[in-house]
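Taking it in order: structure first as structure tokens, then the write-up.
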Amino acid sequence: LMGRTTWETIPERFRPLVDRINIVVTRNRNYALEDAQVTHSIEDGIQHASNNNCDECWIIGGADVYEQCRDLVDEIHLTSVETSNSGDIKVGMFGDEWNREIIESTPESSDNEHPTTYMVLRKS
């Protein structure tokens, strides 16, 4: 499940994302896609996933969609990239109600310009 802007930032050659149902949420009632399901609310998107027997619904962005889903999720897969570039979109921090499990940390190297940490957060 993703917002329209996130969908449009995926290069066309990679759309739709393979081996999964692609659900795009937009406020634009005239927006239509041939290769993804368009819904107009998070709730409708989740219902569409449920109607198609999805055991899990992955929320992949953007920031507005993350914020709308914040209270609906019980697990977050997060990659943190350490960089001096502040970026233009920020997602709020996660409080003490989340248990963090670091899965992998990759230091800066000749193959990896920025240190990264992949973690899973689970709601306690």
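In the structure tokens, chains take letters A, B, ... by order of appearance, with residues numbered from 1 within each chain and ligands from 1 in the order shown.
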
Neighbour list for Cys57 of chain A as a compact mmCIF listing (two decimals) with C-alpha atoms, in the first residue's frame, cut-off 9 Å, only C-alpha atoms, skip fewer than 6 positions in-chain:
# COMPACT_ATOMS: atom_id res chain seq x y z
CA LEU A 1 0.00 0.00 0.00
CA ILE A 46 -6.52 -2.27 3.69
CA ALA A 49 -5.84 -6.24 0.65
CA SER A 50 -8.03 -8.25 3.03

Mind listing the alpha helix (DSSP H) residues of chain A, per DSSP on the backbone, as a CSV table (one decimal) with C-alpha atoms, in the first residue's frame?
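Wrote it out as out_10.csv, contents follow:
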chain,number,residue,atom,x,y,z
A,4,ARG,CA,0.2,8.2,-5.3
A,5,THR,CA,3.5,10.2,-5.1
A,6,THR,CA,5.4,7.1,-4.0
A,7,TRP,CA,3.9,5.1,-6.9
A,8,GLU,CA,5.0,7.8,-9.3
A,9,THR,CA,8.6,7.9,-8.0
A,42,ILE,CA,-6.2,3.9,3.8
A,43,GLU,CA,-9.2,1.9,5.1
A,44,ASP,CA,-10.3,1.1,1.6
A,45,GLY,CA,-6.8,0.0,0.7
A,46,ILE,CA,-6.5,-2.3,3.7
A,47,GLN,CA,-10.0,-3.7,3.0
A,48,HIS,CA,-8.9,-4.4,-0.6
A,49,ALA,CA,-5.8,-6.2,0.7
A,50,SER,CA,-8.0,-8.2,3.0
A,51,ASN,CA,-10.5,-9.0,0.3
A,63,ALA,CA,5.1,10.3,4.7
A,64,ASP,CA,1.4,11.1,4.7
A,65,VAL,CA,0.5,7.4,4.4
A,66,TYR,CA,2.9,6.5,7.1
A,67,GLU,CA,1.4,9.0,9.5
A,68,GLN,CA,-2.2,7.8,8.7
A,69,CYS,CA,-1.1,4.2,9.4

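Non-sequential neighbours of segment 116-123 of chain A (distance at most 6 Å, separation of 5 or more positions within a chain, only C-alpha atoms) are Asp74, Glu75, Ile76, His77, Leu78, Thr79, Ser80, Val81, Glu97, Trp98, Asn99, Arg100, Glu101, Ile102, Ile103, Glu104, Ser105 and Thr106 of chain A.
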
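The space between atom CA of His40 of chain A and atom CA of Asn53 of chain A spans 20.0 Å.
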
Judged by only C-alpha atoms, the minimum distance to Val73 of chain A among A:Asp96, A:Leu17, A:Ala32, A:Ser124 is found for A:Ser124

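You will find atom CA of Asn22 of chain A at 7.8 Å from atom CA of Asp35 of chain A.
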
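Shortest separation to Ile59 of chain A among A:Gly3, A:Phe14, A:Gly92, A:Asn30 occurs at residue A:Gly3, atoms counted being only C-alpha atoms.
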
Members of chain A assigned strand (DSSP E or B) by DSSP, as a ChimeraX atom specification: /A:2-3,23-25,37-39,75-81,98-106,116-123

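Rounded to one decimal, atom CA of Leu33 of chain A and atom CA of Arg13 of chain A lie 14.9 Å from each other.
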
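Excluding Pro115 of chain A itself and any same-chain residue fewer than 2 positions from it, the protein and nucleic acid residues within 6 Å of it, counting only C-alpha atoms, are Glu82, Thr106, Pro107 and Glu108 of chain A.
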
Residues as selected, C-alpha atoms, written as an mmCIF file, in the first residue's frame, can you do that?
data_model
loop_
_atom_site.group_PDB
_atom_site.id
_atom_site.type_symbol
_atom_site.label_atom_id
_atom_site.label_comp_id
_atom_site.auth_asym_id
_atom_site.auth_seq_id
_atom_site.Cartn_x
_atom_site.Cartn_y
_atom_site.Cartn_z
ATOM 1 C CA GLU A 82 23.284 8.126 8.229
ATOM 2 C CA THR A 106 26.597 -1.734 7.591
ATOM 3 C CA PRO A 107 29.456 0.696 8.202
ATOM 4 C CA GLU A 108 30.694 3.211 5.681
#

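Across A:Ser109, A:Glu34, A:Ile60, A:Cys54, the tightest approach to Asp19 of chain A is made by A:Cys54 when counting only C-alpha atoms.
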